Amino acid sequence: MGLLDGVALAPLARDLERVEERLTGAVAVQEGFLSDVAGHLLGAGGKRLRPTVTLCAAYAAKGIAPVHADAVTGAAVVELVHIGSLHHDDVIDEAETRRGVPSVNARWSNIVAILSGDFLLAQASVLAASLGAEVAGLVGRTIGELCRGEILELHQLYDTDRTVDAYRSSILGKTASLLATSARIGGMVSGVDAEALDALTRFGEHLGMCFQIVDDILDITASDAELGKPAGNDLHEGVYTLPVIHALAQSDALRVRLGRPLDAEGVAEARELVLATDGVARATEAAREQARLAGTALDDGDFDVEVCARLHALLDGLVTRGF
């Protein structure tokens, strides 16, 4: 069962089709090569978590009915930002695949991946501007936050003294900021008041924090087959996430092993050392707390009851994924 299967609100499937149409239009330019490259990962699918959050925020505000065209545009904006950032991430990570297909950098080149990622961010900005200066400014700030979070993470590669606060600051930028913006745009185009808008934003932010922590836990606990990529990849790349940070505080053997690049055998041994501590348990508790805070934010607003129930179910499914 997929992460979003439990949301299943009546108009969601068709509204997501409308988002896909808007995405296709955004990358359809006269230069066929650019269209092919920019649409490569869009065509590979994905969860469409961020557009779903935008649409659900609109449903929460206005009721369960097909959304206004502005909400569709807003949902397309956040997905374009996300896909553009993936083009850049795959260059940084030297990734060979993404969503079961060759990554843009592997199929074409790093330069093509960087420039096509820039193109997608530019197209997102154009669509955001069509929704008004406030949305455009929000999207610009969010792109800046994505960069801040990624740079902070890169600055701390192989750092066995990385702190919980530094980790939280990084994922707040690189993951949670865009999910917060996804929810906020859904509220903005629906005309909610400031209090409801802040509640939706908090929901998206805490959802994003939870989502990233869970992903980081699964990198330690799940198999290659379950992840669809090599397990322990964060350890291989020197990204020490929350379960590893907690484990490092308890295991001298792990601290001796980390701090440098590891081969496949070294990654497997490091994962076992993390699993021998309560690092995963402490990270899981942190994910549950973020889910609780996201649910509280929903409860703080005057939102559609059924939509809130489905979003609570999404949070429950997220914190139990793989555990």
# chains A, B, ... in the order shown; residues from 1 in each chain; ligands from 1
$ residues_around --residues "Glu79 in chain A" --least-positions-apart "4" --cutoff "8 Å" --atoms "only C-alpha atoms" --output "PyMOL selection string"
chain A and resi 48+50-51+75+83
$ residues_around --residues "Val214 in chain A" --least-positions-apart "3" --cutoff "10 Å" --atoms "only C-alpha atoms" --output "number ranges by chain"
A: 208-211, 217-219, 242-243, 280, 283-284, 286-288, 318-323
$ write_last_selection --atoms "all heavy atoms" --output "compact mmCIF listing (two decimals), in the first residue's frame"
# COMPACT_ATOMS: atom_id res chain seq x y z
N GLY A 208 6.84 17.44 6.87
CA GLY A 208 8.13 17.34 6.18
C GLY A 208 9.23 16.85 7.09
O GLY A 208 10.07 16.03 6.68
N MET A 209 9.27 17.34 8.32
CA MET A 209 10.27 16.87 9.28
C MET A 209 10.10 15.38 9.54
O MET A 209 11.07 14.60 9.55
CB MET A 209 10.17 17.66 10.58
CG MET A 209 10.48 19.14 10.46
SD MET A 209 12.23 19.50 10.14
CE MET A 209 12.95 19.20 11.75
N CYS A 210 8.85 14.96 9.76
CA CYS A 210 8.56 13.55 10.00
C CYS A 210 8.97 12.71 8.80
O CYS A 210 9.63 11.66 8.95
CB CYS A 210 7.07 13.38 10.30
SG CYS A 210 6.56 11.67 10.58
N PHE A 211 8.60 13.15 7.61
CA PHE A 211 8.90 12.42 6.38
C PHE A 211 10.40 12.18 6.24
O PHE A 211 10.85 11.07 5.93
CB PHE A 211 8.36 13.20 5.19
CG PHE A 211 8.59 12.54 3.86
CD1 PHE A 211 7.71 11.58 3.39
CD2 PHE A 211 9.68 12.88 3.08
CE1 PHE A 211 7.93 10.97 2.16
CE2 PHE A 211 9.90 12.28 1.85
CZ PHE A 211 9.01 11.32 1.39
N ILE A 217 15.65 6.94 8.84
CA ILE A 217 15.60 5.69 9.60
C ILE A 217 15.62 4.49 8.66
O ILE A 217 16.35 3.52 8.87
CB ILE A 217 14.34 5.65 10.50
CG1 ILE A 217 14.44 6.70 11.60
CG2 ILE A 217 14.14 4.25 11.09
CD1 ILE A 217 13.14 6.92 12.35
N LEU A 218 14.81 4.57 7.60
CA LEU A 218 14.73 3.46 6.66
C LEU A 218 16.05 3.19 5.96
O LEU A 218 16.35 2.05 5.59
CB LEU A 218 13.63 3.73 5.63
CG LEU A 218 12.20 3.70 6.18
CD1 LEU A 218 11.21 4.13 5.10
CD2 LEU A 218 11.84 2.30 6.69
N ASP A 219 16.86 4.22 5.79
CA ASP A 219 18.17 4.03 5.18
C ASP A 219 19.05 3.11 6.04
O ASP A 219 19.94 2.44 5.53
CB ASP A 219 18.87 5.38 5.00
CG ASP A 219 20.13 5.28 4.15
OD1 ASP A 219 20.02 4.93 2.97
OD2 ASP A 219 21.23 5.53 4.70
N LEU A 242 19.82 11.40 11.91
CA LEU A 242 19.43 11.38 13.32
C LEU A 242 19.72 10.05 14.01
O LEU A 242 20.29 10.05 15.11
CB LEU A 242 17.96 11.77 13.47
CG LEU A 242 17.48 12.03 14.89
CD1 LEU A 242 18.27 13.16 15.54
CD2 LEU A 242 15.98 12.37 14.89
N PRO A 243 19.35 8.89 13.45
CA PRO A 243 19.68 7.64 14.16
C PRO A 243 21.18 7.44 14.33
O PRO A 243 21.63 6.89 15.35
CB PRO A 243 19.06 6.55 13.27
CG PRO A 243 18.84 7.19 11.95
CD PRO A 243 18.59 8.64 12.22
N VAL A 280 17.98 4.18 16.46
CA VAL A 280 16.77 4.08 15.64
C VAL A 280 15.54 4.34 16.49
O VAL A 280 14.61 5.06 16.06
CB VAL A 280 16.70 2.71 14.95
CG1 VAL A 280 15.31 2.48 14.36
CG2 VAL A 280 17.75 2.61 13.86
N ALA A 283 15.26 8.07 17.14
CA ALA A 283 14.85 8.77 15.93
C ALA A 283 13.38 8.51 15.62
O ALA A 283 12.65 9.41 15.18
CB ALA A 283 15.72 8.35 14.75
N THR A 284 12.93 7.28 15.85
CA THR A 284 11.52 6.95 15.63
C THR A 284 10.63 7.77 16.54
O THR A 284 9.57 8.26 16.13
CB THR A 284 11.29 5.44 15.86
OG1 THR A 284 12.11 4.69 14.96
CG2 THR A 284 9.82 5.08 15.65
N ALA A 286 11.32 10.70 17.67
CA ALA A 286 11.34 12.06 17.13
C ALA A 286 10.38 12.19 15.95
O ALA A 286 9.69 13.21 15.80
CB ALA A 286 12.75 12.44 16.70
N ALA A 287 10.32 11.16 15.10
CA ALA A 287 9.38 11.18 13.98
C ALA A 287 7.94 11.20 14.48
O ALA A 287 7.09 11.94 13.96
CB ALA A 287 9.61 9.97 13.08
N ARG A 288 7.67 10.41 15.50
CA ARG A 288 6.30 10.38 16.06
C ARG A 288 5.92 11.74 16.66
O ARG A 288 4.78 12.18 16.56
CB ARG A 288 6.20 9.28 17.12
CG ARG A 288 6.26 7.88 16.55
CD ARG A 288 5.76 6.85 17.56
NE ARG A 288 5.72 5.53 16.98
CZ ARG A 288 6.58 4.56 17.22
NH1 ARG A 288 7.58 4.76 18.07
NH2 ARG A 288 6.47 3.38 16.63
N LEU A 318 2.68 7.21 7.87
CA LEU A 318 4.07 7.62 7.69
C LEU A 318 4.94 7.14 8.84
O LEU A 318 6.04 6.61 8.62
CB LEU A 318 4.13 9.15 7.58
CG LEU A 318 5.51 9.78 7.40
CD1 LEU A 318 6.20 9.22 6.16
CD2 LEU A 318 5.39 11.29 7.32
N VAL A 319 4.47 7.31 10.07
CA VAL A 319 5.33 6.96 11.22
C VAL A 319 5.43 5.46 11.43
O VAL A 319 6.31 5.01 12.16
CB VAL A 319 4.85 7.64 12.52
CG1 VAL A 319 4.95 9.15 12.40
CG2 VAL A 319 3.44 7.22 12.88
N THR A 320 4.55 4.69 10.80
CA THR A 320 4.67 3.23 10.93
C THR A 320 5.29 2.59 9.70
O THR A 320 5.47 1.37 9.65
CB THR A 320 3.28 2.59 11.15
OG1 THR A 320 2.40 2.94 10.07
CG2 THR A 320 2.66 3.07 12.45
N ARG A 321 5.66 3.39 8.69
CA ARG A 321 6.21 2.87 7.45
C ARG A 321 7.54 2.17 7.72
O ARG A 321 8.52 2.77 8.15
CB ARG A 321 6.43 4.03 6.47
CG ARG A 321 6.80 3.59 5.07
CD ARG A 321 6.63 4.72 4.08
NE ARG A 321 7.37 5.92 4.46
CZ ARG A 321 8.35 6.44 3.72
NH1 ARG A 321 8.70 5.88 2.59
NH2 ARG A 321 8.96 7.53 4.10
N GLY A 322 7.56 0.86 7.49
CA GLY A 322 8.81 0.10 7.62
C GLY A 322 9.14 -0.30 9.05
O GLY A 322 10.15 -0.96 9.26
N PHE A 323 8.31 0.06 10.04
CA PHE A 323 8.65 -0.28 11.42
C PHE A 323 7.78 -1.44 11.91
O PHE A 323 6.70 -1.65 11.44
CB PHE A 323 8.43 0.92 12.35
CG PHE A 323 9.13 2.18 11.90
CD1 PHE A 323 8.58 3.42 12.11
CD2 PHE A 323 10.35 2.10 11.24
CE1 PHE A 323 9.22 4.56 11.70
CE2 PHE A 323 11.01 3.26 10.82
CZ PHE A 323 10.43 4.47 11.05
$ residues_around --residues "Phe33 in chain A" --least-positions-apart "6" --cutoff "12 Å" --atoms "only C-alpha atoms" --output "JSON, numbers by chain"
{"A": [27, 39, 40, 108, 112, 116]}
$ atom_distance --atom1 "CA of Ser35 in chain A" --atom2 "CA of Pro102 in chain A"
16.5 Å
$ closest_residue --among "A:Asp316, A:Asp15, A:Asp216, A:Asp302" --to "Gly74 in chain A" --atoms "only C-alpha atoms"
A:Asp15
$ atom_distance --atom1 "CA of Leu315 in chain A" --atom2 "CA of Val72 in chain A"
23.0 Å
$ residues_around --residues "Leu254 in chain A" --least-positions-apart "4" --cutoff "10 Å" --atoms "only C-alpha atoms" --output "list in words"
Thr160, Val244, Ala247, Leu248, Ala249, Gln250, Leu258, Gly259, Glu269, Ala270, Arg271, Glu272, Leu273 and Val274 of chain A
$ write_last_selection --atoms "N, CA, C and O atoms" --output "mmCIF file, in the first residue's frame"
data_model
loop_
_atom_site.group_PDB
_atom_site.id
_atom_site.type_symbol
_atom_site.label_atom_id
_atom_site.label_comp_id
_atom_site.auth_asym_id
_atom_site.auth_seq_id
_atom_site.Cartn_x
_atom_site.Cartn_y
_atom_site.Cartn_z
ATOM 1 N N THR A 160 31.603 13.420 12.487
ATOM 2 C CA THR A 160 31.091 12.576 13.573
ATOM 3 C C THR A 160 30.635 13.399 14.776
ATOM 4 O O THR A 160 30.058 12.844 15.712
ATOM 5 N N VAL A 244 21.962 7.902 13.363
ATOM 6 C CA VAL A 244 23.414 7.754 13.444
ATOM 7 C C VAL A 244 23.986 8.712 14.481
ATOM 8 O O VAL A 244 24.890 8.342 15.255
ATOM 9 N N ALA A 247 23.382 7.217 17.730
ATOM 10 C CA ALA A 247 24.232 6.038 17.903
ATOM 11 C C ALA A 247 25.676 6.426 18.186
ATOM 12 O O ALA A 247 26.359 5.773 18.991
ATOM 13 N N LEU A 248 26.148 7.475 17.542
ATOM 14 C CA LEU A 248 27.529 7.924 17.756
ATOM 15 C C LEU A 248 27.776 8.324 19.210
ATOM 16 O O LEU A 248 28.904 8.197 19.711
ATOM 17 N N ALA A 249 26.736 8.812 19.871
ATOM 18 C CA ALA A 249 26.883 9.215 21.277
ATOM 19 C C ALA A 249 27.049 8.013 22.202
ATOM 20 O O ALA A 249 27.452 8.172 23.357
ATOM 21 N N GLN A 250 26.751 6.815 21.671
ATOM 22 C CA GLN A 250 26.772 5.617 22.505
ATOM 23 C C GLN A 250 27.837 4.601 22.108
ATOM 24 O O GLN A 250 28.175 3.718 22.896
ATOM 25 N N LEU A 258 33.435 5.613 11.467
ATOM 26 C CA LEU A 258 32.931 6.695 10.624
ATOM 27 C C LEU A 258 33.954 7.835 10.542
ATOM 28 O O LEU A 258 35.020 7.773 11.111
ATOM 29 N N GLY A 259 33.583 8.870 9.802
ATOM 30 C CA GLY A 259 34.471 10.010 9.629
ATOM 31 C C GLY A 259 35.259 9.956 8.341
ATOM 32 O O GLY A 259 36.094 10.830 8.085
ATOM 33 N N GLU A 269 28.761 -2.950 8.062
ATOM 34 C CA GLU A 269 29.218 -3.043 9.445
ATOM 35 C C GLU A 269 28.756 -1.832 10.256
ATOM 36 O O GLU A 269 28.354 -1.971 11.425
ATOM 37 N N ALA A 270 28.796 -0.649 9.654
ATOM 38 C CA ALA A 270 28.348 0.553 10.356
ATOM 39 C C ALA A 270 26.857 0.490 10.656
ATOM 40 O O ALA A 270 26.414 0.894 11.741
ATOM 41 N N ARG A 271 26.073 -0.022 9.710
ATOM 42 C CA ARG A 271 24.633 -0.168 9.955
ATOM 43 C C ARG A 271 24.379 -1.085 11.148
ATOM 44 O O ARG A 271 23.516 -0.810 11.984
ATOM 45 N N GLU A 272 25.125 -2.176 11.219
ATOM 46 C CA GLU A 272 24.956 -3.093 12.351
ATOM 47 C C GLU A 272 25.312 -2.418 13.667
ATOM 48 O O GLU A 272 24.644 -2.634 14.690
ATOM 49 N N LEU A 273 26.332 -1.588 13.661
ATOM 50 C CA LEU A 273 26.709 -0.876 14.878
ATOM 51 C C LEU A 273 25.621 0.119 15.294
ATOM 52 O O LEU A 273 25.339 0.279 16.486
ATOM 53 N N VAL A 274 25.017 0.780 14.325
ATOM 54 C CA VAL A 274 23.909 1.694 14.650
ATOM 55 C C VAL A 274 22.745 0.906 15.241
ATOM 56 O O VAL A 274 22.149 1.312 16.257
#
$ closest_residue --among "A:Gly144, A:Gly295, A:Gly186, A:Gly2" --to "Val78 in chain A" --atoms "only C-alpha atoms"
A:Gly186
$ residues_around --residues "Cys308 in chain A" --least-positions-apart "6" --cutoff "12 Å" --atoms "only C-alpha atoms" --output "PDB file with N, CA, C and O atoms, in the first residue's frame"
ATOM      1  N   VAL A   7      -5.330   8.589   1.620  1.00  0.00           N
ATOM      2  CA  VAL A   7      -5.928   9.927   1.487  1.00  0.00           C
ATOM      3  C   VAL A   7      -7.198   9.822   0.649  1.00  0.00           C
ATOM      4  O   VAL A   7      -8.291  10.182   1.094  1.00  0.00           O
ATOM      5  N   LEU A   9      -9.357  11.070  -1.291  1.00  0.00           N
ATOM      6  CA  LEU A   9     -10.534  11.929  -1.324  1.00  0.00           C
ATOM      7  C   LEU A   9     -11.129  11.923  -2.730  1.00  0.00           C
ATOM      8  O   LEU A   9     -10.402  11.815  -3.722  1.00  0.00           O
ATOM      9  N   VAL A  53      -0.378  17.513  -0.948  1.00  0.00           N
ATOM     10  CA  VAL A  53      -0.521  18.364   0.231  1.00  0.00           C
ATOM     11  C   VAL A  53      -1.163  19.698  -0.143  1.00  0.00           C
ATOM     12  O   VAL A  53      -2.039  20.209   0.580  1.00  0.00           O
ATOM     13  N   CYS A  56      -4.856  18.999  -0.770  1.00  0.00           N
ATOM     14  CA  CYS A  56      -5.562  18.678   0.483  1.00  0.00           C
ATOM     15  C   CYS A  56      -5.726  19.917   1.356  1.00  0.00           C
ATOM     16  O   CYS A  56      -6.737  20.043   2.072  1.00  0.00           O
ATOM     17  N   ALA A  57      -4.753  20.824   1.327  1.00  0.00           N
ATOM     18  CA  ALA A  57      -4.911  22.080   2.059  1.00  0.00           C
ATOM     19  C   ALA A  57      -6.093  22.868   1.503  1.00  0.00           C
ATOM     20  O   ALA A  57      -6.869  23.477   2.260  1.00  0.00           O
ATOM     21  N   ALA A  58      -6.241  22.853   0.179  1.00  0.00           N
ATOM     22  CA  ALA A  58      -7.387  23.535  -0.434  1.00  0.00           C
ATOM     23  C   ALA A  58      -8.696  22.848  -0.066  1.00  0.00           C
ATOM     24  O   ALA A  58      -9.700  23.517   0.230  1.00  0.00           O
ATOM     25  N   TYR A  59      -8.711  21.521  -0.065  1.00  0.00           N
ATOM     26  CA  TYR A  59      -9.924  20.812   0.366  1.00  0.00           C
ATOM     27  C   TYR A  59     -10.251  21.131   1.824  1.00  0.00           C
ATOM     28  O   TYR A  59     -11.417  21.314   2.194  1.00  0.00           O
ATOM     29  N   ALA A  60      -9.214  21.141   2.655  1.00  0.00           N
ATOM     30  CA  ALA A  60      -9.432  21.421   4.078  1.00  0.00           C
ATOM     31  C   ALA A  60     -10.066  22.791   4.275  1.00  0.00           C
ATOM     32  O   ALA A  60     -10.900  22.981   5.158  1.00  0.00           O
ATOM     33  N   ALA A  61      -9.670  23.734   3.424  1.00  0.00           N
ATOM     34  CA  ALA A  61     -10.165  25.105   3.561  1.00  0.00           C
ATOM     35  C   ALA A  61     -11.536  25.297   2.941  1.00  0.00           C
ATOM     36  O   ALA A  61     -12.380  26.018   3.492  1.00  0.00           O
ATOM     37  N   GLY A  63     -13.612  22.662   1.419  1.00  0.00           N
ATOM     38  CA  GLY A  63     -14.499  21.513   1.310  1.00  0.00           C
ATOM     39  C   GLY A  63     -14.052  20.585   0.198  1.00  0.00           C
ATOM     40  O   GLY A  63     -13.248  20.941  -0.664  1.00  0.00           O
ATOM     41  N   ILE A  64     -14.605  19.375   0.218  1.00  0.00           N
ATOM     42  CA  ILE A  64     -14.163  18.332  -0.708  1.00  0.00           C
ATOM     43  C   ILE A  64     -14.904  18.484  -2.026  1.00  0.00           C
ATOM     44  O   ILE A  64     -16.027  17.987  -2.206  1.00  0.00           O
ATOM     45  N   LEU A 200      -1.965  25.586   8.601  1.00  0.00           N
ATOM     46  CA  LEU A 200      -1.622  24.738   7.461  1.00  0.00           C
ATOM     47  C   LEU A 200      -0.114  24.691   7.243  1.00  0.00           C
ATOM     48  O   LEU A 200       0.451  23.638   6.931  1.00  0.00           O
ATOM     49  N   PHE A 203       1.426  22.452   9.795  1.00  0.00           N
ATOM     50  CA  PHE A 203       1.155  21.061   9.415  1.00  0.00           C
ATOM     51  C   PHE A 203       2.164  20.589   8.378  1.00  0.00           C
ATOM     52  O   PHE A 203       2.788  19.533   8.520  1.00  0.00           O
ATOM     53  N   ALA A 294       2.199  17.847  13.738  1.00  0.00           N
ATOM     54  CA  ALA A 294       1.465  18.084  12.490  1.00  0.00           C
ATOM     55  C   ALA A 294      -0.024  17.900  12.709  1.00  0.00           C
ATOM     56  O   ALA A 294      -0.845  18.701  12.231  1.00  0.00           O
ATOM     57  N   GLY A 295      -0.404  16.849  13.430  1.00  0.00           N
ATOM     58  CA  GLY A 295      -1.813  16.613  13.716  1.00  0.00           C
ATOM     59  C   GLY A 295      -2.418  17.709  14.579  1.00  0.00           C
ATOM     60  O   GLY A 295      -3.561  18.138  14.359  1.00  0.00           O
ATOM     61  N   THR A 296      -1.658  18.189  15.541  1.00  0.00           N
ATOM     62  CA  THR A 296      -2.132  19.282  16.394  1.00  0.00           C
ATOM     63  C   THR A 296      -2.384  20.538  15.575  1.00  0.00           C
ATOM     64  O   THR A 296      -3.369  21.265  15.800  1.00  0.00           O
ATOM     65  N   ALA A 297      -1.512  20.809  14.605  1.00  0.00           N
ATOM     66  CA  ALA A 297      -1.698  21.981  13.744  1.00  0.00           C
ATOM     67  C   ALA A 297      -3.006  21.872  12.969  1.00  0.00           C
ATOM     68  O   ALA A 297      -3.743  22.860  12.828  1.00  0.00           O
ATOM     69  N   LEU A 298      -3.322  20.679  12.470  1.00  0.00           N
ATOM     70  CA  LEU A 298      -4.600  20.490  11.781  1.00  0.00           C
ATOM     71  C   LEU A 298      -5.771  20.756  12.719  1.00  0.00           C
ATOM     72  O   LEU A 298      -6.760  21.393  12.337  1.00  0.00           O
ATOM     73  N   ASP A 299      -5.657  20.248  13.930  1.00  0.00           N
ATOM     74  CA  ASP A 299      -6.747  20.390  14.894  1.00  0.00           C
ATOM     75  C   ASP A 299      -6.932  21.830  15.343  1.00  0.00           C
ATOM     76  O   ASP A 299      -8.005  22.200  15.839  1.00  0.00           O
ATOM     77  N   ASP A 300      -5.892  22.651  15.176  1.00  0.00           N
ATOM     78  CA  ASP A 300      -5.975  24.051  15.578  1.00  0.00           C
ATOM     79  C   ASP A 300      -6.775  24.903  14.599  1.00  0.00           C
ATOM     80  O   ASP A 300      -7.152  26.030  14.924  1.00  0.00           O
ATOM     81  N   GLY A 301      -7.005  24.391  13.384  1.00  0.00           N
ATOM     82  CA  GLY A 301      -7.706  25.167  12.373  1.00  0.00           C
ATOM     83  C   GLY A 301      -9.145  24.715  12.205  1.00  0.00           C
ATOM     84  O   GLY A 301      -9.523  23.601  12.581  1.00  0.00           O
ATOM     85  N   ASP A 302      -9.958  25.577  11.626  1.00  0.00           N
ATOM     86  CA  ASP A 302     -11.356  25.257  11.351  1.00  0.00           C
ATOM     87  C   ASP A 302     -11.433  24.660   9.949  1.00  0.00           C
ATOM     88  O   ASP A 302     -11.863  25.295   8.985  1.00  0.00           O
ATOM     89  N   LEU A 314      -2.754   9.739   7.050  1.00  0.00           N
ATOM     90  CA  LEU A 314      -1.482   9.851   6.347  1.00  0.00           C
ATOM     91  C   LEU A 314      -0.324   9.913   7.338  1.00  0.00           C
ATOM     92  O   LEU A 314       0.705   9.233   7.166  1.00  0.00           O
ATOM     93  N   LEU A 315      -0.473  10.706   8.379  1.00  0.00           N
ATOM     94  CA  LEU A 315       0.573  10.823   9.394  1.00  0.00           C
ATOM     95  C   LEU A 315       0.799   9.490  10.107  1.00  0.00           C
ATOM     96  O   LEU A 315       1.942   9.082  10.339  1.00  0.00           O
TER      97      LEU A 315
END
$ atom_distance --atom1 "CA of Gly132 in chain A" --atom2 "CA of Arg148 in chain A"
24.7 Å
$ closest_residue --among "A:Ala231, A:Ala113, A:Ala196, A:Leu172" --to "Asp304 in chain A" --atoms "only C-alpha atoms"
A:Ala196
$ closest_residue --among "A:Ala199, A:Leu157, A:Leu146, A:Val101" --to "Ser177 in chain A" --atoms "only C-alpha atoms"
A:Leu146
